[in-house]
Amino acid sequence: MLTDDVPLTDHHCHGVDVGTLDRPGFERLLGEGARGDFDSAIGLAVRRWCAPALDLPAHVGPDVYLRHRAQLGASEAAARLLRATGVNRWFLDTGIGGSTADFAALAEGEVHEVVRLEEVAAQVIAQVGAVSGVYDRIETELRARAETAVGFKTIVAYRCGLDFPPQDHPPTSFAPEHRLTDPHVLGWLVGLGARIGAELGLPLQFHTGFGDPDLRLRHSDPLLLTDFLRRTAGTGLSVMLLHCWPFHRHAAYLAHLFDHVHVDLGLTIPYVGQRAGAVLAETLELVPFRALCYSSDGYGLPELHYLGAVLWRRGLGTLMDEWIAAGAITTADAEDLVTAIAHRNAERAYRAPLERTARKSDRPVG
Amino acid sequence: MLTDDVPLTDHHCHGVDVGTLDRPGFERLLGEGARGDFDSAIGLAVRRWCAPALDLPAHVGPDVYLRHRAQLGASEAAARLLRATGVNRWFLDTGIGGSTADFAALAEGEVHEVVRLEEVAAQVIAQVGAVSGVYDRIETELRARAETAVGFKTIVAYRCGLDFPPQDHPPTSFAPEHRLTDPHVLGWLVGLGARIGAELGLPLQFHTGFGDPDLRLRHSDPLLLTDFLRRTAGTGLSVMLLHCWPFHRHAAYLAHLFDHVHVDLGLTIPYVGQRAGAVLAETLELVPFRALCYSSDGYGLPELHYLGAVLWRRGLGTLMDEWIAAGAITTADAEDLVTAIAHRNAERAYRAPLERTARKSDRPVG
Amino acid sequence: MLTDDVPLTDHHCHGVDVGTLDRPGFERLLGEGARGDFDSAIGLAVRRWCAPALDLPAHVGPDVYLRHRAQLGASEAAARLLRATGVNRWFLDTGIGGSTADFAALAEGEVHEVVRLEEVAAQVIAQVGAVSGVYDRIETELRARAETAVGFKTIVAYRCGLDFPPQDHPPTSFAPEHRLTDPHVLGWLVGLGARIGAELGLPLQFHTGFGDPDLRLRHSDPLLLTDFLRRTAGTGLSVMLLHCWPFHRHAAYLAHLFDHVHVDLGLTIPYVGQRAGAVLAETLELVPFRALCYSSDGYGLPELHYLGAVLWRRGLGTLMDEWIAAGAITTADAEDLVTAIAHRNAERAYRAPLERTARKSDRPVG
């Protein structure tokens, strides 16, 4: 397939758990709710694709798989799965634990950091309290963290929803809370991230669509960002809409409308298993090919990072084969489309921080 | 196909009309609006599948079909169609007429009752009026009806929408109305059904998605139940989201998130005809395989009960064949998935009332 | 294919730009946002289908295509593309420029006018100002324009959204504005169009779904019209829901529910390219076959008019081939379905104005 060997930039993922997981522990990480389940599209995909990557026959039962995985050791299994992805550049959202150094020890390729706005704000508030000037401290800290990051991430979708109020200035009074939920503070924080991102060339990633149980799915429809996107068009900011399912057509429309909007399917791809190609096809109805990126949103289980890659390769590869067979696209154009989604679009969107990072790593230390 | 012979539990359907129907009468029952139409996906399916079940060639014209059906007699046609479904357990929502005894006289297999909350409440109010204590009488009556029922059903989606207010206690004042529409009364009634259901092990069925013309589709999106589902998680209640189209992906997400949520496609399957497999595939993206159930929502026309079964068998069977051919699932796992959806998931969700009923029918009468 | 030679009624499109377009100018018209892009589903379709229609090899690059198009001359290219559509009846929305005479000079077949309510109202207001009686003047002008038109069109979706307030009488005070945005004025105007349309047999077209950047997609969901459709059922008005994506299933449901509602996919078909058949299949799940119409919504680029036709023929033709092969429909029934969508449904919906127009053109002038 055209997609077999193309290197990937996984522009949004998380660290992995290298403790030994029993079946409940593994299944807990195999779902976005209280627990996942092997008897599901993603569970079938683990058995079909991850088992052979760990030298087991395809389709082995869950218990055999987990026993073998424990025998290998979680770190060894993680290293094998991560290296089998064909990803050579990882952008790690470190907002829920996991360091780039830990990840780099397991995976091949460059590892860069994506800084989560809400995490930084909560840390600052925890350190300094509700003093006057806390907002300035948050900005200072975000700018400091941006020095070595490739992007910002916001989970405002989980907190108050994507219909957060526009807020150019911080509220004059608020009761700082460790876990930010005040829509006005969040609106200000997202606006701040957008301004710094525009200034420094750091894309701003939004969680949209399905995810954790504390999310209300109706409030994570990316269409709720329409006014925000109108305001940020032309400012230099790149916006990355992550995951998107079941609103991936909505996200594709936004990318069609606004030049600075990019879309990925993130955790959708591993979760929908055999249906990855179908969801990609729906997204490709309207998304400009320059605006679709790859990510796995892998978190906890390296199986998710691996499934993201293997199901994306299979799904998009099969779709391209069909389009080529139908005469809808030439092989050369399909190769170009694949390359764009695999890494070129991300390279362009994250060009500024990637170049800054490259210059830094060339400099002698100190 | 794997699905050819698996027995089905139709966990939500209605009685059938055994009067002779002319074409307008038949087409009126072939749609959810003012009238249905043979020139539609479901109309094609009637001619393709129901005609041979009544010994006519496939694809005969509507008038030939209806003439032959009248010659057979509506009862004979109903008996043939219902017996050809392969359903051996029917759960009948009796809230809009039709008795389990009448149905059992036509169909093979067990017939159990599903009690519609709004119907019971309206009956009590009609009997006793707006006296103080009417709410207690409603609870008493629901408990009495629950004795011989396998589940509750609510059509709050039609009345005020699935965004009904949570209401632990009945409103202190209300003007009782025969056809309940007060959101607070409905919110209390649904909450009452949920509490009794949790206590007795009776699942609570919600109409969601498309249906009667007095429904506003935007208010029947199952995502509007998110907070209700959060409140009822862990109480022992099973919630069954019925029909769901065009929000079946939303329903699948809720079942992914909450262990106590089940989903079916109900009347979607007969209505979308040749597209049944495609809608099933979209649902299977995220729904845990333990959470998907079968129902036909057949009402009035036994053709609907039959099409539900035959199109489900064809649609899911074809999908499983494709997944097996693609190596995405083993034949054994596909058989297990089919069995789960066909009857095992419903048997588990309705275990308590089914066992109670079985014990009762073993007891000598009197 | 069954669809190869069926003549089409394009019941909603616009005029074409016959100036010479450079690549930025062409791409600007190839998208609904600030600009479109050859690297997209529609861009692939232009290269695949429009190139051969202009005697170039399929899949030539954008620059080769545009150079050849310029050599031919924009008018010649337009004439070739429009004549290759197989459309023999065009209904032109003249609300954003372009005249039926100009179009008729390029295309074969009849050309009729669709009058845009907002454009007429804005013209009257610009002429007479905020005088008392301006509403009567608008009605008078709409009735005059209706004499030679086949339908009305409203873009209320762009202005305040499809959740406009019902408004039987004009507001007693308003500040007339050239570009109407007051929801009450718009609500009155749409109601007026509905009344005149019912009286004269002129269908009322609604933009729904995706489109221009000044639209908020959430406010163009056709479900927001549910109450309007309930009010206008039985009045004699035909309502045409245009485009609909990504809410085409919602539109199909409304047509299932209400006899007077028709649906098309309009600009969806050219935009989604190779996915046209998939979107048609989703629509056919619930739409009665008597309620689906054809349109291209072509605007500016004759490529859009051509792609609408060719992708509709390919998409629906392939789908019918699949359904016939699966035994779900007979060839005769598929032919009938194709004819209905291609032109018969539109002929029935627009019968009164088409007959009026035909009588007029038979009369000697003067």
# chains A, B, ... in the order shown; residues from 1 in each chain; ligands from 1
$ interface_residues --of "chain B" --to "chain C" --cutoff "10 Å" --atoms "only C-alpha atoms" --output "PyMOL selection string"
chain B and resi 31-45+47-49+58-61+210-218+245-247+268-269+271-276+278-279
$ residues_around --residues "range 165-171 of chain B" --least-positions-apart "2" --cutoff "12 Å" --atoms "only C-alpha atoms" --output "ChimeraX atom specification"
/B:132-136,138-139,156,160-163,173-176,182-195,224-232
$ write_last_selection --atoms "N, CA, C and O atoms" --output "short mmCIF file (atom, residue, chain, number, x, y, z; two decimals), in the first residue's frame"
data_model
loop_
_atom_site.label_atom_id
_atom_site.label_comp_id
_atom_site.auth_asym_id
_atom_site.auth_seq_id
_atom_site.Cartn_x
_atom_site.Cartn_y
_atom_site.Cartn_z
N SER B 132 -55.07 14.95 45.78
CA SER B 132 -53.78 14.77 46.45
C SER B 132 -53.57 13.27 46.55
O SER B 132 -54.51 12.50 46.72
N GLY B 133 -52.37 12.86 46.40
CA GLY B 133 -52.09 11.43 46.46
C GLY B 133 -52.08 10.76 45.09
O GLY B 133 -51.82 9.57 44.98
N VAL B 134 -52.31 11.55 44.03
CA VAL B 134 -52.31 10.94 42.71
C VAL B 134 -50.93 10.38 42.37
O VAL B 134 -50.80 9.34 41.72
N TYR B 135 -49.90 11.05 42.86
CA TYR B 135 -48.54 10.57 42.56
C TYR B 135 -48.28 9.22 43.23
O TYR B 135 -47.64 8.35 42.65
N ASP B 136 -48.77 9.09 44.45
CA ASP B 136 -48.60 7.80 45.13
C ASP B 136 -49.34 6.70 44.38
O ASP B 136 -48.87 5.57 44.26
N ILE B 138 -49.92 6.62 41.23
CA ILE B 138 -49.16 6.28 40.02
C ILE B 138 -48.03 5.30 40.38
O ILE B 138 -47.83 4.28 39.71
N GLU B 139 -47.34 5.59 41.47
CA GLU B 139 -46.25 4.69 41.87
C GLU B 139 -46.79 3.29 42.18
O GLU B 139 -46.20 2.27 41.77
N VAL B 156 -40.82 10.20 26.79
CA VAL B 156 -40.61 11.60 27.16
C VAL B 156 -39.99 12.39 26.00
O VAL B 156 -40.21 13.60 25.87
N CYS B 160 -41.70 16.32 26.01
CA CYS B 160 -40.99 17.58 26.25
C CYS B 160 -39.54 17.47 25.80
O CYS B 160 -38.80 18.43 25.86
N GLY B 161 -39.16 16.30 25.30
CA GLY B 161 -37.77 16.12 24.87
C GLY B 161 -36.94 15.44 25.93
O GLY B 161 -37.33 15.36 27.11
N LEU B 162 -35.79 14.95 25.51
CA LEU B 162 -34.90 14.22 26.42
C LEU B 162 -34.15 15.16 27.37
O LEU B 162 -33.46 14.70 28.27
N ASP B 163 -34.33 16.45 27.19
CA ASP B 163 -33.75 17.41 28.13
C ASP B 163 -34.75 17.74 29.23
O ASP B 163 -34.86 18.88 29.65
N SER B 173 -47.78 21.26 42.82
CA SER B 173 -49.06 21.53 42.18
C SER B 173 -48.95 21.25 40.71
O SER B 173 -47.94 21.55 40.08
N PHE B 174 -49.96 20.64 40.15
CA PHE B 174 -50.01 20.57 38.69
C PHE B 174 -51.45 20.30 38.27
O PHE B 174 -52.25 19.76 39.04
N ALA B 175 -51.76 20.73 37.10
CA ALA B 175 -53.08 20.47 36.55
C ALA B 175 -52.99 19.17 35.78
O ALA B 175 -52.44 19.14 34.69
N PRO B 176 -53.47 18.09 36.37
CA PRO B 176 -53.33 16.80 35.68
C PRO B 176 -53.97 16.88 34.30
O PRO B 176 -55.01 17.51 34.13
N ASP B 182 -46.27 18.23 30.92
CA ASP B 182 -45.54 19.09 31.85
C ASP B 182 -44.14 18.50 32.10
O ASP B 182 -44.02 17.38 32.62
N PRO B 183 -43.10 19.25 31.75
CA PRO B 183 -41.73 18.69 31.89
C PRO B 183 -41.41 18.25 33.32
O PRO B 183 -40.68 17.27 33.51
N HIS B 184 -41.95 18.95 34.32
CA HIS B 184 -41.63 18.58 35.69
C HIS B 184 -42.30 17.28 36.08
O HIS B 184 -41.71 16.44 36.77
N VAL B 185 -43.55 17.12 35.67
CA VAL B 185 -44.23 15.85 35.95
C VAL B 185 -43.52 14.72 35.20
O VAL B 185 -43.27 13.65 35.76
N LEU B 186 -43.17 14.98 33.96
CA LEU B 186 -42.49 13.95 33.17
C LEU B 186 -41.12 13.63 33.77
O LEU B 186 -40.72 12.46 33.84
N GLY B 187 -40.41 14.66 34.21
CA GLY B 187 -39.10 14.43 34.83
C GLY B 187 -39.23 13.57 36.08
O GLY B 187 -38.43 12.66 36.32
N TRP B 188 -40.27 13.87 36.87
CA TRP B 188 -40.50 13.06 38.06
C TRP B 188 -40.84 11.62 37.68
O TRP B 188 -40.35 10.66 38.26
N LEU B 189 -41.70 11.47 36.66
CA LEU B 189 -42.16 10.14 36.25
C LEU B 189 -41.00 9.29 35.74
O LEU B 189 -40.88 8.11 36.09
N VAL B 190 -40.14 9.89 34.94
CA VAL B 190 -38.98 9.15 34.44
C VAL B 190 -38.07 8.76 35.61
O VAL B 190 -37.57 7.63 35.68
N GLY B 191 -37.88 9.69 36.53
CA GLY B 191 -37.06 9.39 37.71
C GLY B 191 -37.67 8.26 38.53
O GLY B 191 -36.96 7.38 39.03
N LEU B 192 -39.00 8.26 38.66
CA LEU B 192 -39.68 7.19 39.39
C LEU B 192 -39.48 5.86 38.69
O LEU B 192 -39.15 4.84 39.33
N GLY B 193 -39.65 5.86 37.36
CA GLY B 193 -39.42 4.63 36.60
C GLY B 193 -38.00 4.12 36.79
O GLY B 193 -37.76 2.92 36.91
N ALA B 194 -37.05 5.06 36.82
CA ALA B 194 -35.65 4.68 37.00
C ALA B 194 -35.42 4.06 38.38
O ALA B 194 -34.67 3.09 38.51
N ARG B 195 -36.07 4.62 39.40
CA ARG B 195 -35.87 4.08 40.76
C ARG B 195 -36.50 2.70 40.90
O ARG B 195 -35.89 1.77 41.44
N LEU B 224 -28.73 14.25 25.06
CA LEU B 224 -29.44 15.05 26.07
C LEU B 224 -29.66 14.27 27.35
O LEU B 224 -30.00 14.85 28.38
N LEU B 225 -29.47 12.96 27.30
CA LEU B 225 -29.62 12.13 28.50
C LEU B 225 -28.32 12.02 29.31
O LEU B 225 -28.28 11.32 30.32
N THR B 226 -27.26 12.69 28.88
CA THR B 226 -25.96 12.49 29.53
C THR B 226 -26.03 12.64 31.04
O THR B 226 -25.54 11.78 31.79
N ASP B 227 -26.64 13.70 31.51
CA ASP B 227 -26.69 13.91 32.97
C ASP B 227 -27.56 12.86 33.65
O ASP B 227 -27.24 12.39 34.75
N PHE B 228 -28.67 12.50 33.04
CA PHE B 228 -29.50 11.43 33.59
C PHE B 228 -28.70 10.14 33.71
O PHE B 228 -28.79 9.42 34.72
N LEU B 229 -27.90 9.86 32.70
CA LEU B 229 -27.11 8.62 32.72
C LEU B 229 -26.03 8.67 33.79
O LEU B 229 -25.73 7.67 34.44
N ARG B 230 -25.47 9.85 33.99
CA ARG B 230 -24.48 10.00 35.05
C ARG B 230 -25.14 9.76 36.41
O ARG B 230 -24.55 9.11 37.29
N ARG B 231 -26.35 10.28 36.58
CA ARG B 231 -27.04 10.12 37.88
C ARG B 231 -27.42 8.66 38.13
O ARG B 231 -27.46 8.20 39.26
N THR B 232 -27.76 7.93 37.07
CA THR B 232 -28.26 6.57 37.27
C THR B 232 -27.15 5.51 37.18
O THR B 232 -27.43 4.33 37.42
#
$ residues_around --residues "range 2-19 of chain B" --least-positions-apart "2" --cutoff "7 Å" --atoms "only C-alpha atoms" --output "number ranges by chain"
B: 21, 74-75, 86-94, 98-99, 103, 294-302, 313, 317, 335, 338-339, 342-343, 346
$ write_last_selection --atoms "N, CA, C and O atoms" --output "short mmCIF file (atom, residue, chain, number, x, y, z; two decimals), in the first residue's frame"
data_model
loop_
_atom_site.label_atom_id
_atom_site.label_comp_id
_atom_site.auth_asym_id
_atom_site.auth_seq_id
_atom_site.Cartn_x
_atom_site.Cartn_y
_atom_site.Cartn_z
N LEU B 21 -56.21 -3.91 5.24
CA LEU B 21 -55.71 -2.56 4.96
C LEU B 21 -55.71 -2.32 3.45
O LEU B 21 -55.19 -3.13 2.69
N ALA B 74 -55.39 -10.80 6.85
CA ALA B 74 -54.35 -10.07 7.57
C ALA B 74 -53.77 -10.92 8.71
O ALA B 74 -52.56 -10.87 8.99
N SER B 75 -54.61 -11.73 9.38
CA SER B 75 -54.10 -12.56 10.48
C SER B 75 -53.14 -13.62 9.97
O SER B 75 -52.07 -13.85 10.56
N GLY B 86 -37.76 -15.64 13.03
CA GLY B 86 -36.76 -16.31 13.86
C GLY B 86 -36.64 -15.69 15.24
O GLY B 86 -35.68 -15.97 15.97
N VAL B 87 -37.61 -14.89 15.62
CA VAL B 87 -37.64 -14.34 16.98
C VAL B 87 -38.32 -15.36 17.89
O VAL B 87 -39.38 -15.89 17.55
N ASN B 88 -37.71 -15.65 19.02
CA ASN B 88 -38.39 -16.56 19.95
C ASN B 88 -38.74 -15.89 21.28
O ASN B 88 -39.20 -16.56 22.20
N ARG B 89 -38.53 -14.58 21.32
CA ARG B 89 -38.89 -13.85 22.55
C ARG B 89 -39.22 -12.42 22.15
O ARG B 89 -38.38 -11.76 21.53
N TRP B 90 -40.39 -11.99 22.50
CA TRP B 90 -40.87 -10.67 22.10
C TRP B 90 -41.18 -9.87 23.35
O TRP B 90 -41.88 -10.36 24.24
N PHE B 91 -40.72 -8.63 23.38
CA PHE B 91 -41.08 -7.73 24.47
C PHE B 91 -41.97 -6.64 23.86
O PHE B 91 -41.50 -5.82 23.07
N LEU B 92 -43.23 -6.65 24.28
CA LEU B 92 -44.25 -5.81 23.64
C LEU B 92 -44.52 -4.55 24.45
O LEU B 92 -44.95 -4.65 25.60
N ASP B 93 -44.29 -3.41 23.85
CA ASP B 93 -44.72 -2.15 24.46
C ASP B 93 -46.21 -2.04 24.20
O ASP B 93 -46.65 -1.84 23.07
N THR B 94 -47.00 -2.16 25.25
CA THR B 94 -48.46 -2.18 25.11
C THR B 94 -49.07 -0.79 25.28
O THR B 94 -50.29 -0.66 25.38
N GLY B 98 -52.85 -3.06 21.71
CA GLY B 98 -52.27 -4.36 21.41
C GLY B 98 -51.95 -5.08 22.70
O GLY B 98 -51.33 -4.50 23.60
N SER B 99 -52.38 -6.31 22.83
CA SER B 99 -52.12 -7.06 24.06
C SER B 99 -51.15 -8.18 23.78
O SER B 99 -51.03 -8.66 22.65
N PHE B 103 -50.98 -10.91 20.59
CA PHE B 103 -49.74 -11.10 19.84
C PHE B 103 -49.29 -12.56 19.90
O PHE B 103 -48.87 -13.14 18.90
N TYR B 294 -30.98 -6.22 19.83
CA TYR B 294 -31.83 -6.26 18.65
C TYR B 294 -33.25 -5.86 19.02
O TYR B 294 -33.79 -6.29 20.04
N SER B 295 -33.88 -5.06 18.20
CA SER B 295 -35.33 -4.89 18.24
C SER B 295 -35.82 -4.47 16.88
O SER B 295 -35.04 -4.01 16.03
N SER B 296 -37.10 -4.63 16.63
CA SER B 296 -37.69 -4.22 15.34
C SER B 296 -38.51 -2.95 15.49
O SER B 296 -38.73 -2.26 14.50
N ASP B 297 -39.00 -2.68 16.69
CA ASP B 297 -39.99 -1.63 16.90
C ASP B 297 -41.21 -1.81 16.00
O ASP B 297 -41.95 -0.85 15.73
N GLY B 298 -41.41 -3.01 15.49
CA GLY B 298 -42.58 -3.25 14.63
C GLY B 298 -43.86 -2.74 15.27
O GLY B 298 -44.09 -2.95 16.47
N TYR B 299 -44.67 -2.05 14.47
CA TYR B 299 -45.92 -1.51 14.99
C TYR B 299 -46.96 -1.54 13.87
O TYR B 299 -46.73 -1.00 12.79
N GLY B 300 -48.08 -2.17 14.13
CA GLY B 300 -49.16 -2.15 13.15
C GLY B 300 -48.98 -3.16 12.04
O GLY B 300 -49.79 -4.08 11.89
N LEU B 301 -47.93 -3.03 11.26
CA LEU B 301 -47.65 -3.95 10.17
C LEU B 301 -46.67 -5.04 10.60
O LEU B 301 -45.54 -4.73 10.98
N PRO B 302 -47.06 -6.30 10.52
CA PRO B 302 -46.09 -7.36 10.83
C PRO B 302 -44.91 -7.35 9.86
O PRO B 302 -43.86 -7.93 10.15
N ARG B 313 -30.38 -9.44 9.88
CA ARG B 313 -29.59 -10.63 9.54
C ARG B 313 -28.72 -10.37 8.31
O ARG B 313 -27.54 -10.71 8.29
N GLY B 317 -24.87 -9.75 8.87
CA GLY B 317 -24.21 -10.91 8.27
C GLY B 317 -23.21 -10.50 7.19
O GLY B 317 -22.07 -10.99 7.15
N GLU B 335 -19.20 -14.95 15.35
CA GLU B 335 -20.37 -15.70 15.84
C GLU B 335 -20.76 -15.22 17.23
O GLU B 335 -21.93 -15.08 17.57
N VAL B 338 -22.43 -11.85 17.03
CA VAL B 338 -23.80 -11.99 16.51
C VAL B 338 -24.74 -12.49 17.60
O VAL B 338 -25.85 -11.97 17.79
N THR B 339 -24.30 -13.49 18.33
CA THR B 339 -25.13 -14.04 19.40
C THR B 339 -25.40 -13.00 20.48
O THR B 339 -26.52 -12.91 21.01
N ALA B 342 -27.92 -10.61 19.06
CA ALA B 342 -29.19 -11.25 18.74
C ALA B 342 -30.05 -11.49 19.98
O ALA B 342 -31.25 -11.24 19.97
N HIS B 343 -29.41 -11.98 21.04
CA HIS B 343 -30.23 -12.27 22.22
C HIS B 343 -29.49 -12.24 23.55
O HIS B 343 -30.08 -11.96 24.59
N ALA B 346 -29.61 -8.89 25.58
CA ALA B 346 -30.96 -8.63 26.12
C ALA B 346 -31.25 -9.58 27.27
O ALA B 346 -31.82 -9.19 28.30
#
$ atom_distance --atom1 "CA of Arg28 in chain C" --atom2 "CA of Phe152 in chain C"
27.1 Å
$ select_by_dssp --residues "range 221-310 of chain A" --states "strand (DSSP E or B)" --output "list in words"
Val239, Met240, Leu241, Leu242, His243, Val261, His262, Val263, Leu292 and Gly300 of chain A
$ write_last_selection --atoms "N, CA and C atoms" --output "PDB file, in the first residue's frame"
ATOM      1  N   VAL A 239      -4.663  26.588  14.251  1.00  0.00           N
ATOM      2  CA  VAL A 239      -5.529  25.865  15.190  1.00  0.00           C
ATOM      3  C   VAL A 239      -5.615  24.419  14.738  1.00  0.00           C
ATOM      4  N   MET A 240      -5.425  23.497  15.668  1.00  0.00           N
ATOM      5  CA  MET A 240      -5.476  22.070  15.365  1.00  0.00           C
ATOM      6  C   MET A 240      -6.688  21.471  16.100  1.00  0.00           C
ATOM      7  N   LEU A 241      -7.672  21.016  15.351  1.00  0.00           N
ATOM      8  CA  LEU A 241      -8.845  20.374  15.950  1.00  0.00           C
ATOM      9  C   LEU A 241      -8.548  18.882  16.071  1.00  0.00           C
ATOM     10  N   LEU A 242      -8.507  18.395  17.296  1.00  0.00           N
ATOM     11  CA  LEU A 242      -8.120  17.005  17.538  1.00  0.00           C
ATOM     12  C   LEU A 242      -9.340  16.090  17.644  1.00  0.00           C
ATOM     13  N   HIS A 243      -9.190  14.843  17.140  1.00  0.00           N
ATOM     14  CA  HIS A 243     -10.137  13.743  17.366  1.00  0.00           C
ATOM     15  C   HIS A 243     -11.445  13.878  16.588  1.00  0.00           C
ATOM     16  N   VAL A 261      -6.992  26.505  10.021  1.00  0.00           N
ATOM     17  CA  VAL A 261      -7.530  25.383  10.791  1.00  0.00           C
ATOM     18  C   VAL A 261      -7.036  24.061  10.219  1.00  0.00           C
ATOM     19  N   HIS A 262      -6.536  23.219  11.091  1.00  0.00           N
ATOM     20  CA  HIS A 262      -6.152  21.858  10.737  1.00  0.00           C
ATOM     21  C   HIS A 262      -7.010  20.879  11.534  1.00  0.00           C
ATOM     22  N   VAL A 263      -7.071  19.670  11.064  1.00  0.00           N
ATOM     23  CA  VAL A 263      -7.929  18.651  11.653  1.00  0.00           C
ATOM     24  C   VAL A 263      -7.133  17.366  11.764  1.00  0.00           C
ATOM     25  N   LEU A 292      -5.281  18.208   6.856  1.00  0.00           N
ATOM     26  CA  LEU A 292      -5.496  17.004   7.660  1.00  0.00           C
ATOM     27  C   LEU A 292      -4.146  16.514   8.167  1.00  0.00           C
ATOM     28  N   GLY A 300      -1.241   6.078  27.776  1.00  0.00           N
ATOM     29  CA  GLY A 300      -1.208   4.945  28.705  1.00  0.00           C
ATOM     30  C   GLY A 300      -0.765   3.659  28.048  1.00  0.00           C
TER      31      GLY A 300
END
$ select_by_dssp --residues "range 89-182 of chain A" --states "helix (DSSP H, G or I)" --output "MDAnalysis selection string"
chainID A and resid 100:106 117:128 134:146 156:159
$ atom_distance --atom1 "CA of Asp22 in chain A" --atom2 "CA of Val64 in chain A"
11.6 Å
$ residues_around --residues "Leu106 in chain B" --least-positions-apart "4" --cutoff "7 Å" --atoms "only C-alpha atoms" --output "ChimeraX atom specification"
/B:78-79,102
$ atom_distance --atom1 "CA of Arg80 in chain C" --atom2 "CA of Ile341 in chain C"
24.1 Å
